[in-house]
Structure formats: structure tokens, C-alpha cells
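Single-structure report; data block below.
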Amino acid sequence: MTERGGDRLLTVDAGTGSVRAILFDAEFRQLGAASREYSHPPLPACPGGQEFETDANRERIDGCIREVLAGTDPRRVAAVSATSMREGMVLYDRSGAAIWACPNSDSRAPRESAELIAEGAAERIYELGGDWIAITAPPRLRWLRRHEPELFDRVRHMTMLSDWILYRLSGELVTEPTIGSSSGMFDLRRRTWSDEIVELCKLDPAVLPPVVEPGTAVGGVSADAAAATGLAEGTPVVAGGADTQLGLLGLGITSPGRVTVLGGTFWQTTLLLDEPTVDPAGRLRTLCHVGAERWMIEGIGFWCGLTMRWLRDGFCAEEKRRAAADGASAYALMEELAAAVPPGAHGVTGIFSDLMNVKRWIHAAPALIGFDVTSPETSGKAECIRAVEEGAAYVVRGHLEMLEAIMGRKVERITFTSGAAQGALWPRILADVTGRVVEIPVVKESTSLGAAMCAAVGGGLRPDLATAARALPGIERELEPDPEAATAYTGLYEGWLELYRHSLDAVERGLTKPLWRAAGT
């Protein structure tokens with residue numbers, strides 16, 4: 001066993017598009033990072049199904065930990081914690097082996113979702129748990145009972161993905177409210193598993209792990225995990241949480257009323273609540289936040305960050321080559337091109353994400369619209385890059401308007417964090433499109449920072465999360481909306497909304513296929 005005398009904190013973050021390990025010091029300064037990109041293979045025999053590859057992704061996680069610990073005495077690590085995408089889940093057999101796992105975007109169960117809707121169970125689950133059944137556990141478990149009954153009969157444990165990381169490190173099966181509530185099987189008000197929903201799923205309650213609070217030490221790094229990762233055996237393993245909620249914690253956001261945009265693979269526009277408010281219009285979803293009397297309501301923009309990665313890999317080979325040669329970021333070079341393009345991208349419009357409507361969640365076929373083929377100098381790569389960034393900001397504006405309707409007041413300031421906040425152009429576009437002041441925090445990897453705060457509490461370096469939050473770095477810069485650009489974007493946003501509605505109509509009429517359609521929609 002290690003002594004609780006370390007002064008380093010290690011976090012593991014399994015996001016939608018990559019996994020990363022980050023090392024912090026006791027004052028939450030980032031010391032090192034390692035990451036691996038991944039994808040989740042579709043299942044040809046299972047339309048909409050996607051696999052989370054536990055064996056391959058465990059190796060990626062182990063590799064990230066070994067890389068970030070290189071040159072560091074592992075005994076200096078006071079504790080390790082984890083965070084992950086929501087909704088992804090893992091099932092285990094009697095021996096504790098993972099026998100089935102899926103990421104957040106798995107939507108294999110449209111028939112089962114339709115049944116739950118017809119039975120009235122979907123509405124009840126939304127009322128109790130705050131999330132529609134589109135990509136949550138109830139329809140997936142019903143699908144397994146129907147299509148893989150022998151596997152379903154072998155299930156003895158179930159966790160979410162960040163819980164799986166803790167289990168791989170310590171051998172302990174637990175969950176906590178932020179990630180647990182993304183299962184669709186929680187009672188929001190009680191912040192624990194819903195007896196009613198568990199019974200509806202025909203699941204033995206013993207399958208579900210105990211619920212602890214973020215920051216709780218759940219065990220120590222096992223001998224096997226120590227050998228695989230380079231961590232010292234016995235290093236405290238601490239409950240972390242869901243990526244979005246820990247992203248808010250990593251910004252010190254624990255008070256109601258704050259609006260934050262987390263710009264990763266998916267973009268979450270979030271509002272913190274002091275009561276479990278469920279959207280009466282059935283568009284947004286509500287989950288538990290960190291703290292006994294805190295919840296979070298959010299709108300999600302699918303694939304915003306992934307679209308930029310697609311653009312980088314499909315069209316920006318020269319920027320990637322220059323970045324590799326100069327030790328720079330390809331995204332920074334892409335933004336340099338787009339910064340020279342005015343608002344509206346010379347008429348090129350990007351529709352790559354959707355306005356959230358959890359009861360009718362369809363991700364329209366992606367499109368870049370408005371090229372002038374007679375003018376390649378104004379309809380080229382730079383315009384496409386800007387159009388993609390503007391499209392993401394339009395989605396935030398739409399979700400912001402939904403949140404303001406629930407709040408009954410206008411939001412004046414937005415905090416912008418995660419990968420997209422590291423750029424120079426995207427924050428500027430966000431300020432101008434929304435017409436709000438955009439705050440950029442010092443630490444952009446706020447999700448991992450939130451996990452580090454949990455590790456600090458569980459590792460004995462901080463007495464509680466509120467105290468840890470007071471030690472956080474503050475805001476790096478603020479961006480006021482440019483009045484001229486904000487005025488232009490008001491009209492451009494209305495035009496984008498019209499094109500977006502037409503893209504959904506094309507899907508409904510069968511003229512084009514959606515990139516993604518939630519189960520049951």
C-alpha cells in the first residue's frame with residue numbers, strides 16, 4: 001500500500017472520441033497529459049448498435065497512464081479518479097468479466113423504445129429520471145433480453161463507463177449520481193436507483209452497484225492494475241463522475257443559475273439547478289450534478305467537435321503536415337484560415353448538429369450548403385471551416401433560448417470550456433452568434449480538473465469539494481460580442497434555422513438519411 005503522502009493527482013477521461021490521462025499537482029496545475037483517439041465500431045447485424053471495446057480501450061487507458069507517469073515516482077500520486085461520457089454502460093458476469101459494453105451513441109433498440117412509449121413507460125421514466133429513453137439503459141436491456149437472452153441471463157453486475165475505469169483499477173463496483181443518473185434508471189429526486197424503473201427493466205436490483213458521492217475513496221489500485229499502468233499498488237482510487245458535470249465542477253460551478261458550454265466531441269449547453277426541474281416541453285434532459293441538492297439541465301449538440309476532426313482529417317492534410325513539422329496544432333492553422341472569412345462564411349452554411357428534442361431526437365444528414373462554384377476563392381476550405389464553427393454556435397444559441405425560457409430571464413454571460421475553447425476563433429464566433437459575454441477559464445480541460453478535485457478529496461489533500469473549488473485558477477479572458485457581427489449573426493441564425501428545419505423535413509420524407517437517429521424516434 002502507498003502512504004497518503006503523495007502530491008500528485010491522476011485522472012482518466014474516457015470521452016466520446018478519445019481517452020486521456022492527465023497528471024496534476026496538489027494545486028491543480030497540469031503537469032502532463034497523454035491521449036489516444038478511438039472510435040466505436042458499428043455492429044453490421046445490429047442497425048444503430050455500437051460497441052465499446054473494453055479490452056482495446058483498457059489498453060489505451062493503460063498506455064496513457066504509463067505515458068503520463070513517465071519520469072514520475074508513482075508513489076507521489078496521492079490518488080486517481082475517472083470521468084467518462086454519459087449513457088455508455090458495461091455488463092459483467094459472475095466472475096466480474098465484462099461481457100457487453102456500448103458507448104453513449106448506441107441506438108440499437110428502436111423497437112424496444114417504441115414499446116416503452118406505447119406502454120406509457122417512457123413518459124414515466126422521463127418524469128422520474130429526467131431523460132428520454134433514446135440512448136439509455138431501459139430499451140437496451142429489453143433489447144438484450146429479446147435478442148441475446150443467454151447473455152442477459154449471465155449478467156450479474158452493471159456499471160457506467162467511468163465506473164468501469166474505477167473497477168479496472170481497483171476491483172470495486174460502485175457508481176455515483178452524476179454518471180448513474182445518465183443510465184435512465186435513477187430517481188432524480190432521491191439521487192439513487194429508481195425501484196420503479198429497475199422493476200420495469202426486469203432487472204435484479206442486486207445487479208446495480210452501491211451509490212457513493214464523488215470524491216469518495218472506493219479502494220486501492222490492485223496488483224494487476226499496478227503492473228499494467230505503472231501506478232503504485234494501493235494508490236487510492238476515488239469516485240469521479242460524468243464528463244459534463246465534472247467539467248462544471250472543474251470550473252468551480254456549483255451554484256444555480258450559471259450557464260456553461262462544454263465544447264468537446266459533443267457540445268453541452270448546461271444550466272445548474274437547485275431542484276430537479278424536468279423540461280415541460282420534453283426537449284432537454286436533466287441529470288444529477290455534484291452535491292446533494294444540485295441538478296443540471298442541458299441541451300446537446302451532436303458531433304460538433306467530431307465534425308472539425310473530420311474536416312481536419314479529410315481536407316486539411318497540408319495543415320496537419322505543417323503542424324507536425326512545427327509542433328503546432330492543426331486546428332490553430334485551420335482557424336487562421338477561417339479568421340479571414342467574414343460572418344456568414346460567404347454564404348456557406350454548415351448543418352452538422354441538431355437542436356435537442358429528446359422525444360424526437362434525429363440528427364439530420366450533415367451538409368455544407370451555399371457554395372458558389374463560380375468563385376472558388378470565396379467557397380473554399382476556409383469558408384467550410386468557418387461554417388462548421390458557426391453551425392456549432394447556432395446550436396448553442398438555440399439551446400440557450402430554451403434554457404432562458406425555463407429560467408424566465410436572459411442569460412448575460414456564458415462560460416466556454418473544453419477542447420474548442422482552446423482556439424482563438426471559435427470563442428469569438430460563440431460570443432458574436434449568441435450576443436453574450438463569453439468567459440474562457442485558465443484551465444480548458446475542466447472535466448479532468450473536476451476529476452482531479454475528486455481525487456484530491458479522496459486522497460486526503462482537500463477536506464471537501466467546496467474547499468477544492470476555492471483553489472481553482474480563474475478566468476483567463478473575456479470576449480464581448482462585437483456589435484456589428486452580433487447584428488449580422490441574428491439574421492444568419494434565422495437563416496440557419498430555416499435550413500435546419502428543411503434538413504429535418506428531408507429526413508422525414510425519406511429524401512435523405514439521418515446521420516443518427518435515437519432509438520424510438
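The chains in the C-alpha cells are called A, B, ... from first to last as shown; in each chain the residues are counted from 1, and the ligands are counted from 1 in the order shown.
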Can you pull out the residues contacting Thr277 (chain A)? Cut-off 10 Å, using only C-alpha atoms, and skip same-chain residues under 6 positions away; I want them as JSON, numbers by chain. {"A": [127, 130, 188, 189, 285, 286, 287, 295, 296, 297, 406]}
Go ahead and write the selection's residues with N, CA and C atoms as a PDB file, in the first residue's frame.
ATOM      1  N   GLU A 127     -40.282  11.433 -16.413  1.00  0.00           N
ATOM      2  CA  GLU A 127     -40.750  12.161 -15.231  1.00  0.00           C
ATOM      3  C   GLU A 127     -39.874  11.867 -14.013  1.00  0.00           C
ATOM      4  N   GLY A 130     -35.629  12.197 -15.719  1.00  0.00           N
ATOM      5  CA  GLY A 130     -35.189  13.404 -16.393  1.00  0.00           C
ATOM      6  C   GLY A 130     -34.633  13.219 -17.785  1.00  0.00           C
ATOM      7  N   LEU A 188     -34.352  11.009  -9.904  1.00  0.00           N
ATOM      8  CA  LEU A 188     -33.623  12.271  -9.751  1.00  0.00           C
ATOM      9  C   LEU A 188     -33.738  12.829  -8.341  1.00  0.00           C
ATOM     10  N   ARG A 189     -34.929  12.822  -7.799  1.00  0.00           N
ATOM     11  CA  ARG A 189     -35.157  13.463  -6.505  1.00  0.00           C
ATOM     12  C   ARG A 189     -34.438  12.736  -5.382  1.00  0.00           C
ATOM     13  N   ARG A 285     -32.753  17.515 -21.221  1.00  0.00           N
ATOM     14  CA  ARG A 285     -32.693  16.466 -20.209  1.00  0.00           C
ATOM     15  C   ARG A 285     -32.069  16.996 -18.931  1.00  0.00           C
ATOM     16  N   THR A 286     -32.426  16.365 -17.823  1.00  0.00           N
ATOM     17  CA  THR A 286     -31.957  16.759 -16.505  1.00  0.00           C
ATOM     18  C   THR A 286     -31.232  15.580 -15.867  1.00  0.00           C
ATOM     19  N   LEU A 287     -30.078  15.860 -15.279  1.00  0.00           N
ATOM     20  CA  LEU A 287     -29.278  14.843 -14.595  1.00  0.00           C
ATOM     21  C   LEU A 287     -28.830  15.382 -13.237  1.00  0.00           C
ATOM     22  N   TRP A 295     -28.676  19.849  -9.451  1.00  0.00           N
ATOM     23  CA  TRP A 295     -29.011  19.134 -10.673  1.00  0.00           C
ATOM     24  C   TRP A 295     -28.584  20.000 -11.855  1.00  0.00           C
ATOM     25  N   MET A 296     -28.675  19.441 -13.052  1.00  0.00           N
ATOM     26  CA  MET A 296     -28.229  20.135 -14.245  1.00  0.00           C
ATOM     27  C   MET A 296     -29.169  19.799 -15.394  1.00  0.00           C
ATOM     28  N   ILE A 297     -29.600  20.825 -16.106  1.00  0.00           N
ATOM     29  CA  ILE A 297     -30.414  20.626 -17.304  1.00  0.00           C
ATOM     30  C   ILE A 297     -29.575  21.059 -18.500  1.00  0.00           C
ATOM     31  N   ILE A 406     -36.997  28.434 -19.693  1.00  0.00           N
ATOM     32  CA  ILE A 406     -37.212  27.724 -18.433  1.00  0.00           C
ATOM     33  C   ILE A 406     -36.878  28.623 -17.246  1.00  0.00           C
TER      34      ILE A 406
END
Which residues come within 7 Å of Ser84 (chain A), counting only C-alpha atoms, excluding same-chain residues fewer than 3 positions away, as a PyMOL selection string? chain A and resi 13-15+161-162+242-243
Selection to disk with N, CA and C atoms, as a PDB file, in the first residue's frame:
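Final output, out.pdb:
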ATOM      1  N   ASP A  13      -9.940  10.131 -18.413  1.00  0.00           N
ATOM      2  CA  ASP A  13     -11.171  10.637 -19.019  1.00  0.00           C
ATOM      3  C   ASP A  13     -11.436   9.847 -20.299  1.00  0.00           C
ATOM      4  N   ALA A  14     -12.503   9.057 -20.302  1.00  0.00           N
ATOM      5  CA  ALA A  14     -12.914   8.310 -21.493  1.00  0.00           C
ATOM      6  C   ALA A  14     -14.039   9.073 -22.175  1.00  0.00           C
ATOM      7  N   GLY A  15     -13.677   9.942 -23.108  1.00  0.00           N
ATOM      8  CA  GLY A  15     -14.663  10.732 -23.820  1.00  0.00           C
ATOM      9  C   GLY A  15     -15.249   9.974 -24.994  1.00  0.00           C
ATOM     10  N   LEU A 161     -19.582   3.834 -17.705  1.00  0.00           N
ATOM     11  CA  LEU A 161     -18.203   3.717 -18.179  1.00  0.00           C
ATOM     12  C   LEU A 161     -17.164   4.250 -17.196  1.00  0.00           C
ATOM     13  N   SER A 162     -17.417   5.382 -16.546  1.00  0.00           N
ATOM     14  CA  SER A 162     -16.420   5.858 -15.583  1.00  0.00           C
ATOM     15  C   SER A 162     -16.312   4.905 -14.408  1.00  0.00           C
ATOM     16  N   ALA A 242     -19.489  11.967 -14.223  1.00  0.00           N
ATOM     17  CA  ALA A 242     -19.773  12.164 -15.633  1.00  0.00           C
ATOM     18  C   ALA A 242     -19.002  13.370 -16.172  1.00  0.00           C
ATOM     19  N   ASP A 243     -18.665  13.307 -17.461  1.00  0.00           N
ATOM     20  CA  ASP A 243     -17.772  14.316 -18.035  1.00  0.00           C
ATOM     21  C   ASP A 243     -18.324  15.737 -17.944  1.00  0.00           C
TER      22      ASP A 243
END
What is the distance between CA of Gly391 (chain A) and CA of Gly350 (chain A), in Å to one decimal?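 A separation of 5.3 Å between them.
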Nearest-residue call for Glu498 (chain A), choices A:Val411, A:Leu116, A:Ala421, A:Ile351, using only C-alpha atoms: A:Ile351
Just the number, please: distance in Å from CA of Glu508 (chain A) to CA of Gly299 (chain A), one decimal. 22.0 Å
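Put simply, CA of Glu199 (chain A) is 23.8 Å away from CA of Gly282 (chain A).
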Taking only C-alpha atoms into account, name the residue in A:Ile414, A:Ala332, A:Leu144, A:Val80 that is nearest to Thr235 (chain A).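 Nearest to Thr235 (chain A): A:Val80.
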I'd like the neighbourhood of Ile65 (chain A) as an MDAnalysis selection string, where a residue qualifies if any of its atoms comes within 6 Å (using only C-alpha atoms), though same-chain residues fewer than 3 positions away should be ignored. chainID A and resid 21 62 68 229
Picked from region 197-432 of chain A by DSSP as alpha helix (DSSP H), as number ranges by chain: A: 197-200, 223-229, 243-249, 304-315, 317-326, 330-339, 381-407, 425-432
Residues within 10 Å of Asn104 (chain A), please, as a PyMOL selection string. Count only C-alpha atoms; anything in the same chain fewer than 4 positions from it doesn't count. chain A and resi 15-16+40+50-52+84-89+135-136+160-161+182-183
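Counting only C-alpha atoms, the residue from A:Trp496, A:Trp267, A:Phe24, A:Phe315 that sits nearest to His399 (chain A) is A:Trp267.
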Shell around Leu10 (chain A) at 8 Å using only C-alpha atoms, local window under 6 positions removed, as a ChimeraX atom specification: /A:21-24,77,79-81,452,455
How would the residues just chosen look if you wrote them out with C-alpha atoms as an mmCIF file, in the first residue's frame?
data_model
loop_
_atom_site.group_PDB
_atom_site.id
_atom_site.type_symbol
_atom_site.label_atom_id
_atom_site.label_comp_id
_atom_site.auth_asym_id
_atom_site.auth_seq_id
_atom_site.Cartn_x
_atom_site.Cartn_y
_atom_site.Cartn_z
ATOM 1 C CA ALA A 21 -4.779 10.679 -18.731
ATOM 2 C CA ILE A 22 -3.716 13.929 -17.072
ATOM 3 C CA LEU A 23 -1.373 14.467 -14.154
ATOM 4 C CA PHE A 24 -1.916 17.436 -11.815
ATOM 5 C CA VAL A 77 0.428 10.001 -6.842
ATOM 6 C CA ALA A 79 -4.989 9.335 -5.710
ATOM 7 C CA VAL A 80 -6.506 8.538 -9.106
ATOM 8 C CA SER A 81 -10.030 9.241 -10.299
ATOM 9 C CA ALA A 452 -8.611 15.830 -10.029
ATOM 10 C CA ALA A 455 -9.073 12.655 -6.368
#
Find, counting only C-alpha atoms, the residue in A:Leu249, A:Cys46, A:Ala367, A:Cys304 that gets nearest to Trp426 (chain A). A:Cys304
Contacts of region 147-151 of chain A at 10 Å or less, counting only C-alpha atoms, minus same-chain residues fewer than 2 places along, as a count of residues only? 14
Within region 267-507 of chain A, find each residue whose DSSP state, derived from the backbone, is strand (DSSP E or B), and express the selection as number ranges by chain. A: 267-273, 285-288, 295-301, 349-351, 362-363, 367-369, 413-417, 437-441, 475-479
Write to file, as a compact mmCIF listing (two decimals), in the first residue's frame, the residues of the selection just made, with N, CA and C atoms.
# COMPACT_ATOMS: atom_id res chain seq x y z
N TRP A 267 -21.30 19.07 -27.89
CA TRP A 267 -21.31 20.33 -27.15
C TRP A 267 -22.52 20.34 -26.23
N GLN A 268 -22.26 20.50 -24.92
CA GLN A 268 -23.34 20.58 -23.95
C GLN A 268 -23.53 22.03 -23.49
N THR A 269 -24.74 22.54 -23.62
CA THR A 269 -25.10 23.84 -23.09
C THR A 269 -25.91 23.58 -21.82
N THR A 270 -25.36 23.96 -20.67
CA THR A 270 -25.90 23.50 -19.39
C THR A 270 -26.33 24.65 -18.50
N LEU A 271 -27.33 24.36 -17.67
CA LEU A 271 -27.80 25.28 -16.65
C LEU A 271 -27.86 24.52 -15.33
N LEU A 272 -27.26 25.08 -14.28
CA LEU A 272 -27.25 24.44 -12.97
C LEU A 272 -28.52 24.80 -12.21
N LEU A 273 -29.10 23.80 -11.51
CA LEU A 273 -30.37 23.94 -10.82
C LEU A 273 -30.23 23.56 -9.35
N ARG A 285 -32.75 17.51 -21.22
CA ARG A 285 -32.69 16.47 -20.21
C ARG A 285 -32.07 17.00 -18.93
N THR A 286 -32.43 16.37 -17.82
CA THR A 286 -31.96 16.76 -16.51
C THR A 286 -31.23 15.58 -15.87
N LEU A 287 -30.08 15.86 -15.28
CA LEU A 287 -29.28 14.84 -14.59
C LEU A 287 -28.83 15.38 -13.24
N CYS A 288 -28.36 14.50 -12.39
CA CYS A 288 -27.80 14.92 -11.11
C CYS A 288 -26.47 15.62 -11.33
N TRP A 295 -28.68 19.85 -9.45
CA TRP A 295 -29.01 19.13 -10.67
C TRP A 295 -28.58 20.00 -11.86
N MET A 296 -28.68 19.44 -13.05
CA MET A 296 -28.23 20.13 -14.24
C MET A 296 -29.17 19.80 -15.39
N ILE A 297 -29.60 20.82 -16.11
CA ILE A 297 -30.41 20.63 -17.30
C ILE A 297 -29.57 21.06 -18.50
N GLU A 298 -29.71 20.35 -19.63
CA GLU A 298 -28.79 20.60 -20.73
C GLU A 298 -29.42 20.32 -22.09
N GLY A 299 -28.84 21.00 -23.09
CA GLY A 299 -29.08 20.69 -24.49
C GLY A 299 -27.77 20.23 -25.09
N ILE A 300 -27.83 19.23 -25.97
CA ILE A 300 -26.62 18.63 -26.52
C ILE A 300 -26.58 18.82 -28.03
N GLY A 301 -25.46 19.32 -28.53
CA GLY A 301 -25.19 19.40 -29.95
C GLY A 301 -24.31 18.24 -30.36
N THR A 349 -23.01 27.47 -45.45
CA THR A 349 -23.65 27.18 -44.17
C THR A 349 -23.43 25.72 -43.81
N GLY A 350 -23.09 25.49 -42.55
CA GLY A 350 -22.87 24.12 -42.08
C GLY A 350 -24.00 23.64 -41.19
N ILE A 351 -24.56 22.48 -41.52
CA ILE A 351 -25.58 21.85 -40.68
C ILE A 351 -25.05 20.48 -40.30
N ILE A 362 -33.50 13.43 -33.82
CA ILE A 362 -32.97 12.99 -35.11
C ILE A 362 -31.83 13.91 -35.50
N HIS A 363 -30.70 13.31 -35.83
CA HIS A 363 -29.57 14.10 -36.28
C HIS A 363 -29.59 14.13 -37.80
N ALA A 367 -24.51 18.48 -43.83
CA ALA A 367 -24.49 19.21 -45.09
C ALA A 367 -23.68 20.49 -44.96
N LEU A 368 -23.02 20.83 -46.03
CA LEU A 368 -22.46 22.16 -46.25
C LEU A 368 -23.20 22.72 -47.44
N ILE A 369 -23.89 23.84 -47.24
CA ILE A 369 -24.80 24.38 -48.23
C ILE A 369 -24.36 25.79 -48.62
N ARG A 413 -24.01 36.01 -19.49
CA ARG A 413 -22.64 35.52 -19.62
C ARG A 413 -22.65 34.00 -19.78
N ILE A 414 -21.71 33.53 -20.58
CA ILE A 414 -21.53 32.10 -20.81
C ILE A 414 -20.08 31.75 -20.50
N THR A 415 -19.88 30.65 -19.81
CA THR A 415 -18.53 30.11 -19.63
C THR A 415 -18.32 29.04 -20.70
N PHE A 416 -17.19 29.11 -21.40
CA PHE A 416 -16.88 28.21 -22.51
C PHE A 416 -15.61 27.45 -22.18
N THR A 417 -15.69 26.12 -22.23
CA THR A 417 -14.54 25.32 -21.82
C THR A 417 -14.41 24.08 -22.70
N VAL A 437 -21.50 37.74 -23.37
CA VAL A 437 -20.10 37.72 -22.97
C VAL A 437 -19.68 36.26 -22.78
N VAL A 438 -18.54 35.90 -23.35
CA VAL A 438 -18.02 34.54 -23.23
C VAL A 438 -16.77 34.57 -22.36
N GLU A 439 -16.80 33.80 -21.29
CA GLU A 439 -15.66 33.68 -20.39
C GLU A 439 -14.87 32.42 -20.73
N ILE A 440 -13.54 32.56 -20.83
CA ILE A 440 -12.67 31.42 -21.10
C ILE A 440 -11.84 31.17 -19.85
N PRO A 441 -11.97 30.01 -19.22
CA PRO A 441 -11.21 29.75 -17.99
C PRO A 441 -9.74 29.48 -18.28
N ILE A 475 -10.66 32.92 -14.44
CA ILE A 475 -10.96 33.18 -15.84
C ILE A 475 -9.74 33.79 -16.52
N GLU A 476 -9.38 33.24 -17.68
CA GLU A 476 -8.22 33.72 -18.44
C GLU A 476 -8.54 34.99 -19.23
N ARG A 477 -9.70 35.00 -19.88
CA ARG A 477 -10.08 36.16 -20.70
C ARG A 477 -11.58 36.17 -20.89
N GLU A 478 -12.08 37.35 -21.26
CA GLU A 478 -13.49 37.52 -21.57
C GLU A 478 -13.61 38.12 -22.97
N LEU A 479 -14.63 37.68 -23.69
CA LEU A 479 -14.88 38.18 -25.03
C LEU A 479 -16.25 38.84 -25.07
Might you pull out every residue within 7 Å of Thr175 (chain A), with only C-alpha atoms counted and same-chain residues fewer than 6 positions away left off, and present them as a PyMOL selection string? chain A and resi 159+163+209-212
Mind dumping the selected residues with N, CA and C atoms as a PDB file, in the first residue's frame?
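Result saved to selection.pdb:
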ATOM      1  N   THR A 159     -22.461  -1.388 -14.652  1.00  0.00           N
ATOM      2  CA  THR A 159     -21.945  -0.068 -14.298  1.00  0.00           C
ATOM      3  C   THR A 159     -21.971   0.834 -15.530  1.00  0.00           C
ATOM      4  N   ASP A 163     -17.433   4.261 -14.054  1.00  0.00           N
ATOM      5  CA  ASP A 163     -17.393   3.239 -13.011  1.00  0.00           C
ATOM      6  C   ASP A 163     -16.506   2.063 -13.437  1.00  0.00           C
ATOM      7  N   PRO A 209     -24.778  -1.411  -8.683  1.00  0.00           N
ATOM      8  CA  PRO A 209     -23.782  -1.146  -7.649  1.00  0.00           C
ATOM      9  C   PRO A 209     -24.270  -0.125  -6.633  1.00  0.00           C
ATOM     10  N   PRO A 210     -23.643  -0.094  -5.461  1.00  0.00           N
ATOM     11  CA  PRO A 210     -23.983   0.949  -4.488  1.00  0.00           C
ATOM     12  C   PRO A 210     -23.628   2.332  -5.020  1.00  0.00           C
ATOM     13  N   VAL A 211     -24.336   3.343  -4.507  1.00  0.00           N
ATOM     14  CA  VAL A 211     -24.140   4.728  -4.937  1.00  0.00           C
ATOM     15  C   VAL A 211     -23.345   5.466  -3.866  1.00  0.00           C
ATOM     16  N   VAL A 212     -22.227   6.085  -4.291  1.00  0.00           N
ATOM     17  CA  VAL A 212     -21.419   6.910  -3.399  1.00  0.00           C
ATOM     18  C   VAL A 212     -21.320   8.301  -3.999  1.00  0.00           C
TER      19      VAL A 212
END
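Using only C-alpha atoms, the nearest neighbour of Glu377 (chain A) within the list A:Val457, A:Met308, A:Leu449, A:Ala345 is A:Ala345.
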Distance criterion (only C-alpha atoms): nearest to Ala420 (chain A) out of A:Glu404, A:Glu389, A:Asp326, A:Asp354: A:Glu389
